[in-house]
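Engineer: Mind looking over this structure? Questions follow.
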Amino acid sequence: MTVPIPEGAVGARMDALVRRLYPLCRSITGDGVRATLDIIGEHLPLTVHEVPTGTDVLDWTVPQEWNIRDAYIADATGRRWVDFREHALHVVGYSVPVHETMPLAKLREHLHTLPGQPSLIPYRTSYYAPTWGFCLAQETLDAMPDGDYEVRIDSTLADGHLTYAEHVVPGQVTDEVIISCHVCHPALANDNMAGVAVAVELARTLENPYHTYRFIFAPGTIGAITWLARNAARVEKVKHGIVLACAGDPGSLTYKQSRRGDADVDRVLAHVLRDRPHEIRAFSPYGYDERQYCSPGFNLGVGCLTRTPYAEYPEYHTSGDDPDLVSAESMLDTLAVLREAVSVLDVNRHYVNLSPYGEPQLGKRGLYDSLGGRSDAKQAQMAMLWVLNLSDGDHSLLDIAERAGLPFDSVAAAAAALADAGLVKE
Amino acid sequence: MTVPIPEGAVGARMDALVRRLYPLCRSITGDGVRATLDIIGEHLPLTVHEVPTGTDVLDWTVPQEWNIRDAYIADATGRRWVDFREHALHVVGYSVPVHETMPLAKLREHLHTLPGQPSLIPYRTSYYAPTWGFCLAQETLDAMPDGDYEVRIDSTLADGHLTYAEHVVPGQVTDEVIISCHVCHPALANDNMAGVAVAVELARTLENPYHTYRFIFAPGTIGAITWLARNAARVEKVKHGIVLACAGDPGSLTYKQSRRGDADVDRVLAHVLRDRPHEIRAFSPYGYDERQYCSPGFNLGVGCLTRTPYAEYPEYHTSGDDPDLVSAESMLDTLAVLREAVSVLDVNRHYVNLSPYGEPQLGKRGLYDSLGGRSDAKQAQMAMLWVLNLSDGDHSLLDIAERAGLPFDSVAAAAAALADAGLVKE
Amino acid sequence: MTVPIPEGAVGARMDALVRRLYPLCRSITGDGVRATLDIIGEHLPLTVHEVPTGTDVLDWTVPQEWNIRDAYIADATGRRWVDFREHALHVVGYSVPVHETMPLAKLREHLHTLPGQPSLIPYRTSYYAPTWGFCLAQETLDAMPDGDYEVRIDSTLADGHLTYAEHVVPGQVTDEVIISCHVCHPALANDNMAGVAVAVELARTLENPYHTYRFIFAPGTIGAITWLARNAARVEKVKHGIVLACAGDPGSLTYKQSRRGDADVDRVLAHVLRDRPHEIRAFSPYGYDERQYCSPGFNLGVGCLTRTPYAEYPEYHTSGDDPDLVSAESMLDTLAVLREAVSVLDVNRHYVNLSPYGEPQLGKRGLYDSLGGRSDAKQAQMAMLWVLNLSDGDHSLLDIAERAGLPFDSVAAAAAALADAGLVKE
């Protein structure tokens, strides 16, 4: 169901996509998001949605659209100490426009630094409170002499739209798996252009899957909320889902369970990750957009896959989260796990033994070795016996694989063989 | 809901109460119990119940009332080798009257000592078999020369009453929490005058609690059975309860779960004790009056809080259990845990999220920091997110606190703030 | 309910039975099975069933009957290098008749050896594929010079019957416990003549048991399937069961749980084995006839008791599994566990406390020590308190014993005493 692709080419393609998307000044609305979706759209056909400012979405309202052209702090000589054109993180997201001259002492109230990481620029936003600010390295601030500075943020906050996009791979059934990536962070590579790059490659490899796969590229929180508000009637189609973020750093994989904790996606990810270094965490209502998908009214089976979780790597939400933090190798590893998870999710079904009284005679159907007495029961035969024994409607193939201690593939193959022989059916 | 009181004064008051109550000759009936309740009544308004001998109470019958004025073993010179006036433990509880002279050899059949603790007087009773006996130190017995002794127990067993008392603190609801102390042990300090002293102080500090609190001071077994028999119709009002005993010895706290094992009181005590040295034990049908409250027909959510459990400290049921075994510090510690348990029991309710689809926008309600991007989610905000996410009717605030790993107080405060904002309701 | 018997005599009798049954050439049908059942029938009255070839049994069909009179591989001098009359394992079970002369090179295709255990003859069968073959020691094969050999198997495959037998010990109720032994392995002692010998002795000692005990001596797989097919209507009477195999080797006991995992028999065996070296294993759909009894359509509470499990001792399915591998001591140990399991299964019932409100007054019924205050609660009294407290219909006596940490016997005795006193009833 997934198409093999040479790993080297895929890795290089993901790396290039991250580097191209990285510098854009994204926010929860505006042209940075549109430019990001345009580039993704070069790789995948996207349906782009524009939702007008003021639209009520669940408990929220789509805010005004924010766009920015330039921003700087310049001294009397015209030297730009802080220049938005050099780094999109320099401006607090959703800063209102400003053009004033003020002494450094007063300007400081609007400056954000990381004293503990003096060479890095922090990432700050103020979506829902009208203010303005700059983010800069502590080292830069330390070097700025007292005196007056020209402060300019050439931004606009005006009625416009919130923009998000979807890519759908139709499946054999209309039940859906969603893969959701936030696209609202400016100039941060691992968080979340790496997730976007991995999602793009996953989407490419899906061919005639069992489930319908819906990829959602939307700004965090308000984007997921907008998607949920506009799709409330079809949310019941969403059977499984993964929020994908921080997909390219050097850390090992972390899967955060859905609110349910025992949803199929939780079981599948635990199974797929079992032989790799990994961590499984219980749901908590903080993090990425699983917060919205797993709000109690929806309570979807949606978990979150990352490498190092948010806020746990030192470069998180700083200018240190640049494309060099992200490697093709890590993104390929994330992609491999996702592809394996997809393959289990799509095959993991419940069968019913049609011959549940005693074991059916496998030998006469060519499914069993004819020479008895040997003590080495082969894996394929054990898988058939397990599928027959546990196919009572209560056990999925994954349940059976885990109970039997057998690879999922061998259990799935046994089920297929038994279905062909008319001994079990879905 | 509880009133802060200077600890020193409270400790001294509990210590004084234990020392005053200690020497009385209590039993399951009689004037010793009445005198005990009179003294408690100086501190708390009590309703005293007198239940006539012969009253059927569940499977039992209220026995005759036992009173004793004097008892001794004297030699021919009149020297009292054993003198009830020196220690109430010297007489086996419910001893029938006797006045005879008999040789030591014959008298020995009626003497109880502790050969392994030769300086201590044991505690023995014979409530339901008519006999008599004395308890004394092995050292005393060893010193007694052979020869005839005058043996006298000036007791009466006659129709009368069983006496118990209640103190009720009315709550905002009529659902009840019971705090039950046995008051039948003569001249034992930790077991149970310390429990009585702690209960008195707890009762004092309750002001307009949510639940109605009922303090029961009753003789063990037959007293609890009598209370249950006379309150069978209202037992369903009892939502939670704690049997309080051995509340003042130097050991750490032990909570014995109710028969249910997962009653609210069991969960609350585990939560309150989690950061102190403590032990949680499963229910067993032996111990104090939780045996009766947790009999299968009632099966109330009543556990038992002690410091060192019965029979596990060497002074248990001996003259070594005197007021010096009990300290104000230990009783204050027991009281502190009880007060915390009460505060959780009274606040621990189920809320329902009224905006369960996606997260409600906390920021527009002033409940959320306006500056985003920072990685330190504050405890108060995490508590709000957890309350919103788990307030689905299935989770109490304590469930949420435990799931979230947050202090109960912070979760309760979050729930209150969210209720004020109209986002959740009980 | 079980009759004590001198262990020495029993052990010697089991050993003699194994040695007598051992050499017979059993298979899934034929005179070897009949001879085996005849000998068992000398010890226990048996009902022998003959089921005609071609009878449909569940998904299977009773095969043709196989009998063999002689078989050998002889060289030109007439020397028999392999002689069925010396060891029944020499012929592949269900071999079709053959009488040819062929070179060793061609003969090799029909020869089975164990290169890793060169002195042992393997056990092989080919019940459902018409072929022939010989099993021999690798050492023998290595010694055979090249050249032509006369190969003869004087067997018949013809319509006939499948034979199995039952021995029933009627109980006080018609609910059944089945004890099932496979009797299809030729010339293997531990697997399963030791199981047969232990079952015979267990059957002897049952006198007026509570349950009806049904001993089933049948060929593996097809025998159990035939029994299930012919008893489908009464399978619901089977409340518990044990498949007994490999009952005499020097290993410690292994109990394999039923498919349910928490059936009464699973709980009882865990309880009975708890103080012995033992292993409990989860159900798997491979092994002995528990595979059939636990197929999902039946899902009976039937586990499997062995000493060393199949395929885990080096002599398994080889000529090394001879009577010297089996000891009277091991068989007596297996028998002791079975007898204890039977005694718990037969007594383990649910009682209801008829006086569930408060503790009933045990003292007035002579069930409680009259002298109170002592801290040593006796086991018998604790058992009574536990039975009273947990006899709410949900807890069996075994549940109570395990919860209380008391011996089953003491809990059963307490229940009996309380039932006599009218305080509990079944």
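Ordering of the structure tokens sets the chain letters (A, B, ...); residue numbers start at 1 within each chain; ligands are numbered from 1 in the order shown.
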Can you list, as a PDB file with N, CA and C atoms, in the first residue's frame, every protein, DNA or RNA residue that comes within 9 Å of His43 of chain C when you count only C-alpha atoms, leaving out same-chain residues fewer than 6 positions away?
Structural biologist:
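Wrote it out as around33.pdb, contents follow:
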ATOM      1  N   VAL C 200      -5.610 -42.611  36.212  1.00  0.00           N
ATOM      2  CA  VAL C 200      -6.215 -43.837  36.753  1.00  0.00           C
ATOM      3  C   VAL C 200      -6.242 -43.772  38.280  1.00  0.00           C
ATOM      4  N   GLU C 201      -5.123 -43.355  38.876  1.00  0.00           N
ATOM      5  CA  GLU C 201      -5.083 -43.307  40.347  1.00  0.00           C
ATOM      6  C   GLU C 201      -5.984 -42.218  40.906  1.00  0.00           C
ATOM      7  N   ARG C 204      -9.495 -43.557  40.927  1.00  0.00           N
ATOM      8  CA  ARG C 204      -9.691 -44.522  42.013  1.00  0.00           C
ATOM      9  C   ARG C 204     -10.048 -43.868  43.333  1.00  0.00           C
TER      10      ARG C 204
END
Engineer: Taking only C-alpha atoms into account, what are the residues of chain C at most 8 Å from chain A, put as a list in words?
Structural biologist: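 My answer is Leu58, Asp59, Trp60, Tyr123, Arg124, Thr125, Ser126, Tyr127, Tyr128, Ala129, Ile225, Leu228, Ser284, Pro285, Tyr286, Arg291, Gln292, Tyr293, Cys294, Ser295, Pro296, Gly297, Phe298, Ala311 and His317 of chain C.
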Engineer: Which residues come within 12 Å of Leu300 of chain B, counting only C-alpha atoms, excluding same-chain residues fewer than 6 positions away, as a short mmCIF file (atom, residue, chain, number, x, y, z; two decimals) with N, CA, C and O atoms, in the first residue's frame?
Structural biologist:
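Output (result18.cif):
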data_model
loop_
_atom_site.label_atom_id
_atom_site.label_comp_id
_atom_site.auth_asym_id
_atom_site.auth_seq_id
_atom_site.Cartn_x
_atom_site.Cartn_y
_atom_site.Cartn_z
N GLU B 176 -23.70 12.93 54.74
CA GLU B 176 -22.90 12.96 55.96
C GLU B 176 -21.51 12.34 55.80
O GLU B 176 -21.31 11.41 55.03
N VAL B 177 -20.63 12.89 56.61
CA VAL B 177 -19.35 12.24 56.90
C VAL B 177 -19.39 11.87 58.38
O VAL B 177 -19.70 12.72 59.21
N ILE B 178 -19.11 10.61 58.70
CA ILE B 178 -19.05 10.24 60.12
C ILE B 178 -17.60 10.09 60.56
O ILE B 178 -16.75 9.62 59.81
N LEU B 228 -25.80 1.76 64.33
CA LEU B 228 -26.27 1.33 63.01
C LEU B 228 -27.71 0.86 63.08
O LEU B 228 -28.53 1.16 62.20
N ALA B 232 -30.54 2.82 60.84
CA ALA B 232 -30.53 2.04 59.60
C ALA B 232 -31.16 2.82 58.44
O ALA B 232 -30.68 2.77 57.31
N VAL B 235 -28.66 5.50 57.10
CA VAL B 235 -27.29 5.12 56.76
C VAL B 235 -26.96 5.52 55.33
O VAL B 235 -25.82 5.85 55.02
N GLU B 236 -27.95 5.55 54.49
CA GLU B 236 -27.66 5.93 53.10
C GLU B 236 -27.19 7.38 52.97
O GLU B 236 -26.63 7.75 51.95
N LYS B 237 -27.41 8.16 53.99
CA LYS B 237 -26.89 9.53 53.98
C LYS B 237 -25.38 9.57 54.22
O LYS B 237 -24.73 10.59 53.99
N VAL B 238 -24.85 8.48 54.80
CA VAL B 238 -23.42 8.46 55.14
C VAL B 238 -22.61 8.19 53.88
O VAL B 238 -22.59 7.09 53.35
N LYS B 239 -21.98 9.22 53.37
CA LYS B 239 -21.23 9.09 52.12
C LYS B 239 -19.78 8.72 52.38
O LYS B 239 -19.14 8.09 51.52
N HIS B 240 -19.27 9.16 53.49
CA HIS B 240 -17.86 8.92 53.81
C HIS B 240 -17.73 8.79 55.32
O HIS B 240 -18.57 9.31 56.06
N GLY B 241 -16.67 8.16 55.77
CA GLY B 241 -16.45 8.11 57.21
C GLY B 241 -15.07 7.64 57.56
O GLY B 241 -14.37 7.00 56.75
N ILE B 242 -14.68 8.00 58.76
CA ILE B 242 -13.37 7.59 59.27
C ILE B 242 -13.53 7.14 60.71
O ILE B 242 -14.11 7.85 61.53
N VAL B 243 -13.06 5.94 60.99
CA VAL B 243 -12.92 5.48 62.36
C VAL B 243 -11.55 5.95 62.83
O VAL B 243 -10.54 5.71 62.16
N GLN B 257 -8.07 0.94 54.42
CA GLN B 257 -9.14 1.25 53.48
C GLN B 257 -10.47 0.66 53.91
O GLN B 257 -10.54 -0.32 54.64
N SER B 258 -11.53 1.26 53.41
CA SER B 258 -12.86 0.69 53.56
C SER B 258 -12.91 -0.64 52.81
O SER B 258 -12.04 -0.96 52.01
N ARG B 259 -13.94 -1.39 53.08
CA ARG B 259 -14.14 -2.65 52.36
C ARG B 259 -14.16 -2.45 50.85
O ARG B 259 -13.71 -3.30 50.10
N ARG B 260 -14.69 -1.33 50.42
CA ARG B 260 -14.76 -1.07 48.98
C ARG B 260 -13.37 -0.91 48.37
O ARG B 260 -13.15 -1.25 47.20
N GLY B 261 -12.48 -0.33 49.12
CA GLY B 261 -11.10 -0.18 48.65
C GLY B 261 -10.90 0.99 47.73
O GLY B 261 -9.79 1.51 47.61
N ASP B 262 -11.95 1.41 47.05
CA ASP B 262 -11.82 2.55 46.15
C ASP B 262 -12.88 3.60 46.44
O ASP B 262 -13.25 4.38 45.56
N ALA B 263 -13.37 3.59 47.67
CA ALA B 263 -14.33 4.62 48.05
C ALA B 263 -13.63 5.98 48.01
O ALA B 263 -12.41 6.07 48.08
N ASP B 264 -14.42 7.03 47.91
CA ASP B 264 -13.83 8.38 47.88
C ASP B 264 -12.90 8.59 49.08
O ASP B 264 -11.83 9.17 48.93
N VAL B 265 -13.32 8.13 50.25
CA VAL B 265 -12.49 8.37 51.43
C VAL B 265 -11.14 7.66 51.28
O VAL B 265 -10.11 8.16 51.72
N ASP B 266 -11.15 6.52 50.64
CA ASP B 266 -9.89 5.80 50.41
C ASP B 266 -8.98 6.60 49.49
O ASP B 266 -7.78 6.72 49.72
N ASP B 289 -14.22 -0.23 64.63
CA ASP B 289 -15.62 -0.32 64.23
C ASP B 289 -15.87 -0.21 62.73
O ASP B 289 -17.01 -0.36 62.28
N GLU B 290 -14.80 0.00 61.95
CA GLU B 290 -14.95 -0.16 60.50
C GLU B 290 -15.49 -1.57 60.21
O GLU B 290 -16.13 -1.77 59.16
N ARG B 291 -15.22 -2.53 61.08
CA ARG B 291 -15.79 -3.88 60.91
C ARG B 291 -17.30 -3.83 60.76
O ARG B 291 -17.89 -4.60 60.00
N GLN B 292 -17.92 -2.97 61.55
CA GLN B 292 -19.38 -2.90 61.51
C GLN B 292 -19.87 -2.03 60.35
O GLN B 292 -20.77 -2.40 59.60
N TYR B 293 -19.23 -0.85 60.21
CA TYR B 293 -19.67 0.06 59.13
C TYR B 293 -19.46 -0.60 57.76
O TYR B 293 -20.16 -0.30 56.80
N CYS B 294 -18.45 -1.48 57.69
CA CYS B 294 -18.12 -2.13 56.42
C CYS B 294 -18.64 -3.56 56.35
O CYS B 294 -18.21 -4.34 55.50
N TYR C 357 -25.85 -7.26 58.17
CA TYR C 357 -25.82 -5.91 58.75
C TYR C 357 -25.09 -5.97 60.07
O TYR C 357 -25.60 -6.47 61.06
N GLY C 358 -23.86 -5.45 60.11
CA GLY C 358 -23.02 -5.60 61.28
C GLY C 358 -22.54 -7.03 61.37
O GLY C 358 -22.98 -7.92 60.62
#
Engineer: Can you check which residues of segment 19-191 of chain A DSSP gives as strand (DSSP E or B) on the backbone and send them as a CSV table (one decimal) with N, CA and C atoms, in the first residue's frame?
Structural biologist:
chain,number,residue,atom,x,y,z
A,47,THR,N,-6.1,21.6,-1.1
A,47,THR,CA,-7.3,22.5,-1.1
A,47,THR,C,-7.0,23.5,-0.1
A,48,VAL,N,-7.0,24.8,-0.5
A,48,VAL,CA,-6.7,25.9,0.5
A,48,VAL,C,-8.0,26.5,0.9
A,49,HIS,N,-8.2,26.7,2.2
A,49,HIS,CA,-9.4,27.3,2.7
A,49,HIS,C,-9.1,28.7,3.2
A,50,GLU,N,-9.9,29.7,2.9
A,50,GLU,CA,-9.7,31.0,3.5
A,50,GLU,C,-11.0,31.3,4.3
A,51,VAL,N,-10.8,31.5,5.6
A,51,VAL,CA,-11.9,31.7,6.5
A,51,VAL,C,-11.9,33.2,6.9
A,52,PRO,N,-13.0,33.9,6.7
A,52,PRO,CA,-13.0,35.4,7.0
A,52,PRO,C,-12.8,35.7,8.4
A,56,ASP,N,-17.2,32.9,13.6
A,56,ASP,CA,-17.2,32.2,14.8
A,56,ASP,C,-16.8,30.7,14.6
A,57,VAL,N,-15.9,30.3,15.4
A,57,VAL,CA,-15.4,28.9,15.3
A,57,VAL,C,-15.3,28.3,16.7
A,60,TRP,N,-14.3,30.3,19.7
A,60,TRP,CA,-13.3,31.4,19.3
A,60,TRP,C,-13.9,32.1,18.1
A,61,THR,N,-13.2,33.2,17.7
A,61,THR,CA,-13.5,34.0,16.5
A,61,THR,C,-12.3,34.1,15.7
A,65,GLU,N,-6.4,39.5,10.2
A,65,GLU,CA,-5.2,39.0,9.6
A,65,GLU,C,-4.0,39.9,9.8
A,66,TRP,N,-2.9,39.3,10.1
A,66,TRP,CA,-1.7,40.1,10.4
A,66,TRP,C,-0.7,39.9,9.3
A,67,ASN,N,-0.2,41.0,8.8
A,67,ASN,CA,0.9,41.0,7.8
A,67,ASN,C,2.0,42.0,8.2
A,68,ILE,N,3.2,41.7,7.8
A,68,ILE,CA,4.3,42.5,8.2
A,68,ILE,C,5.2,42.7,7.0
A,69,ARG,N,5.7,43.9,6.8
A,69,ARG,CA,6.6,44.1,5.7
A,69,ARG,C,8.0,44.4,6.2
A,70,ASP,N,8.2,45.1,7.3
A,70,ASP,CA,9.5,45.4,7.8
A,70,ASP,C,9.4,45.7,9.3
A,71,ALA,N,10.5,45.7,9.9
A,71,ALA,CA,10.6,46.0,11.3
A,71,ALA,C,12.0,46.2,11.7
A,72,TYR,N,12.3,47.2,12.6
A,72,TYR,CA,13.7,47.3,13.0
A,72,TYR,C,13.8,48.2,14.2
A,73,ILE,N,15.0,48.1,14.8
A,73,ILE,CA,15.3,49.1,15.9
A,73,ILE,C,16.7,49.7,15.4
A,74,ALA,N,16.6,51.0,15.2
A,74,ALA,CA,17.8,51.6,14.6
A,74,ALA,C,18.3,52.7,15.5
A,80,ARG,N,20.8,49.4,12.0
A,80,ARG,CA,19.7,48.6,12.5
A,80,ARG,C,20.3,47.5,13.5
A,81,TRP,N,20.1,47.7,14.7
A,81,TRP,CA,20.5,46.7,15.8
A,81,TRP,C,19.7,45.5,15.7
A,82,VAL,N,18.4,45.7,15.4
A,82,VAL,CA,17.5,44.5,15.2
A,82,VAL,C,16.8,44.7,13.9
A,83,ASP,N,16.8,43.7,13.1
A,83,ASP,CA,16.3,43.8,11.7
A,83,ASP,C,15.4,42.6,11.3
A,91,VAL,N,10.4,39.9,15.5
A,91,VAL,CA,9.2,40.7,15.9
A,91,VAL,C,8.2,39.7,16.6
A,93,GLY,N,5.0,38.1,17.3
A,93,GLY,CA,4.0,37.8,16.4
A,93,GLY,C,2.7,38.6,16.7
A,98,VAL,N,4.1,50.2,14.8
A,98,VAL,CA,4.6,51.3,15.7
A,98,VAL,C,5.7,52.0,14.9
A,99,HIS,N,5.8,53.3,15.1
A,99,HIS,CA,6.9,54.0,14.5
A,99,HIS,C,7.2,55.2,15.4
A,100,GLU,N,8.2,55.0,16.3
A,100,GLU,CA,8.5,56.0,17.3
A,100,GLU,C,10.0,56.1,17.6
A,101,THR,N,10.4,57.1,18.2
A,101,THR,CA,11.7,57.2,18.7
A,101,THR,C,11.6,57.2,20.2
A,102,MET,N,12.4,56.4,20.9
A,102,MET,CA,12.3,56.3,22.3
A,102,MET,C,13.7,55.9,22.9
A,103,PRO,N,13.9,56.3,24.2
A,103,PRO,CA,15.2,55.9,24.8
A,103,PRO,C,15.2,54.4,25.1
A,111,LEU,N,11.2,44.6,24.8
A,111,LEU,CA,12.2,43.7,24.3
A,111,LEU,C,12.2,42.3,25.0
A,112,HIS,N,12.4,41.3,24.3
A,112,HIS,CA,12.4,39.9,24.9
A,112,HIS,C,13.7,39.2,24.5
A,122,PRO,N,14.6,34.6,21.1
A,122,PRO,CA,13.4,33.9,21.5
A,122,PRO,C,12.3,34.1,20.5
A,125,THR,N,4.8,35.6,20.8
A,125,THR,CA,3.7,36.1,20.1
A,125,THR,C,2.7,36.8,21.1
A,134,PHE,N,9.9,43.3,20.3
A,134,PHE,CA,11.0,42.7,19.6
A,134,PHE,C,11.6,41.6,20.4
A,135,CYS,N,12.1,40.6,19.7
A,135,CYS,CA,12.9,39.6,20.3
A,135,CYS,C,14.3,39.7,19.8
A,148,ASP,N,18.6,57.2,22.3
A,148,ASP,CA,17.3,57.1,21.6
A,148,ASP,C,17.4,56.1,20.4
A,149,TYR,N,16.4,55.4,20.2
A,149,TYR,CA,16.3,54.5,19.1
A,149,TYR,C,15.1,54.7,18.3
A,150,GLU,N,15.2,54.6,17.0
A,150,GLU,CA,14.0,54.6,16.1
A,150,GLU,C,13.5,53.2,16.1
A,151,VAL,N,12.2,53.0,16.4
A,151,VAL,CA,11.5,51.7,16.5
A,151,VAL,C,10.5,51.7,15.4
A,152,ARG,N,10.5,50.7,14.6
A,152,ARG,CA,9.5,50.7,13.6
A,152,ARG,C,9.0,49.2,13.3
A,153,ILE,N,7.7,49.0,13.4
A,153,ILE,CA,7.1,47.8,12.9
A,153,ILE,C,6.1,48.2,11.9
A,154,ASP,N,6.4,47.8,10.7
A,154,ASP,CA,5.5,48.1,9.5
A,154,ASP,C,4.5,46.9,9.3
A,155,SER,N,3.6,46.8,10.2
A,155,SER,CA,2.6,45.7,10.1
A,155,SER,C,1.2,46.2,9.9
A,156,THR,N,0.4,45.3,9.5
A,156,THR,CA,-1.1,45.6,9.5
A,156,THR,C,-1.9,44.5,10.2
A,157,LEU,N,-2.9,45.0,10.9
A,157,LEU,CA,-3.9,44.1,11.4
A,157,LEU,C,-5.2,44.5,10.9
A,158,ALA,N,-5.7,43.7,10.0
A,158,ALA,CA,-7.0,44.1,9.3
A,158,ALA,C,-7.8,42.9,9.0
A,161,HIS,N,-8.4,36.9,6.3
A,161,HIS,CA,-8.7,35.5,6.4
A,161,HIS,C,-7.7,34.7,7.3
A,162,LEU,N,-8.2,33.6,7.7
A,162,LEU,CA,-7.3,32.6,8.3
A,162,LEU,C,-7.2,31.5,7.2
A,163,THR,N,-6.0,31.1,6.9
A,163,THR,CA,-5.8,30.2,5.8
A,163,THR,C,-5.3,28.8,6.3
A,164,TYR,N,-5.9,27.8,5.8
A,164,TYR,CA,-5.3,26.4,6.1
A,164,TYR,C,-5.6,25.6,4.8
A,165,ALA,N,-5.0,24.4,4.8
A,165,ALA,CA,-5.1,23.6,3.6
A,165,ALA,C,-5.2,22.1,3.9
A,166,GLU,N,-5.8,21.4,3.0
A,166,GLU,CA,-6.0,20.0,3.2
A,166,GLU,C,-5.5,19.2,1.9
A,167,HIS,N,-4.9,18.0,2.2
A,167,HIS,CA,-4.7,17.1,1.1
A,167,HIS,C,-5.3,15.8,1.4
A,168,VAL,N,-6.1,15.3,0.5
A,168,VAL,CA,-6.8,14.0,0.9
A,168,VAL,C,-6.4,12.9,-0.1
A,169,VAL,N,-6.1,11.8,0.5
A,169,VAL,CA,-5.8,10.6,-0.3
A,169,VAL,C,-7.0,9.6,-0.1
A,176,GLU,N,-11.7,8.0,8.1
A,176,GLU,CA,-10.5,8.8,7.9
A,176,GLU,C,-9.4,8.6,9.0
A,177,VAL,N,-8.2,8.8,8.5
A,177,VAL,CA,-7.1,9.0,9.4
A,177,VAL,C,-6.6,10.4,9.1
A,178,ILE,N,-6.5,11.3,10.1
A,178,ILE,CA,-6.0,12.6,9.9
A,178,ILE,C,-4.5,12.7,10.3
A,179,ILE,N,-3.7,13.4,9.5
A,179,ILE,CA,-2.3,13.8,9.9
A,179,ILE,C,-2.3,15.3,9.9
A,180,SER,N,-2.0,15.8,11.1
A,180,SER,CA,-2.2,17.3,11.2
A,180,SER,C,-0.9,17.9,11.6
A,181,CYS,N,-0.5,19.0,10.9
A,181,CYS,CA,0.8,19.7,11.1
A,181,CYS,C,0.4,21.2,11.3
A,182,HIS,N,1.0,21.8,12.3
A,182,HIS,CA,0.9,23.3,12.5
A,182,HIS,C,1.9,24.0,11.6
Engineer: Rounded to one decimal, what separation in Å do you get between atom CA of Glu7 of chain C and atom CA of Leu202 of chain C?
Structural biologist: 12.6 Å
Engineer: Mind checking which residues fall within 8 Å of Ala270 of chain C, counting only C-alpha atoms, ignoring those fewer than 3 positions away in the same chain, and posting them as a PyMOL selection string?
Structural biologist: chain C and resi 255+266-267+273-274+280
Engineer: Counting only C-alpha atoms, which residue out of A:His185, A:Arg79, A:Arg349, A:His271 sits closest to Asp394 of chain A?
Structural biologist: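 Of A:His185, A:Arg79, A:Arg349, A:His271, the one nearest Asp394 of chain A, counting only C-alpha atoms, is A:Arg349.
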Engineer: For Leu253 of chain B, work out the shell of residues within 6 Å, counting only C-alpha atoms and skipping chain neighbours fewer than 2 positions away, then give it as a ChimeraX atom specification.
Structural biologist: /B:278,306-307
Engineer: Work out how far atom CA of Ala199 of chain C is from atom CA of Leu21 of chain C, in Å to one decimal.
Structural biologist: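 Taking atom CA of Leu21 of chain C as the start and atom CA of Ala199 of chain C as the end point, the length is 14.0 Å.
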Engineer: Tell me which protein, DNA and RNA residues are within 10 Å of Thr113 of chain C, counting only C-alpha atoms, leaving out same-chain ones fewer than 3 positions away, and put them as a PyMOL selection string.
Structural biologist: chain C and resi 116-124+134-141+318
Engineer: So, counting only C-alpha atoms, which residue among C:Ala224, C:Leu398, C:Val18, C:Ala415 is closest to Ala380 of chain C?
Structural biologist: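 The closest residue to Ala380 of chain C is C:Ala415.
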Engineer: Taking the DSSP secondary structure from the backbone, can you list the residues of segment 55-221 of chain A that are alpha helix (DSSP H), as a PyMOL selection string?
Structural biologist: chain A and resi 104-107+138-143+194-205
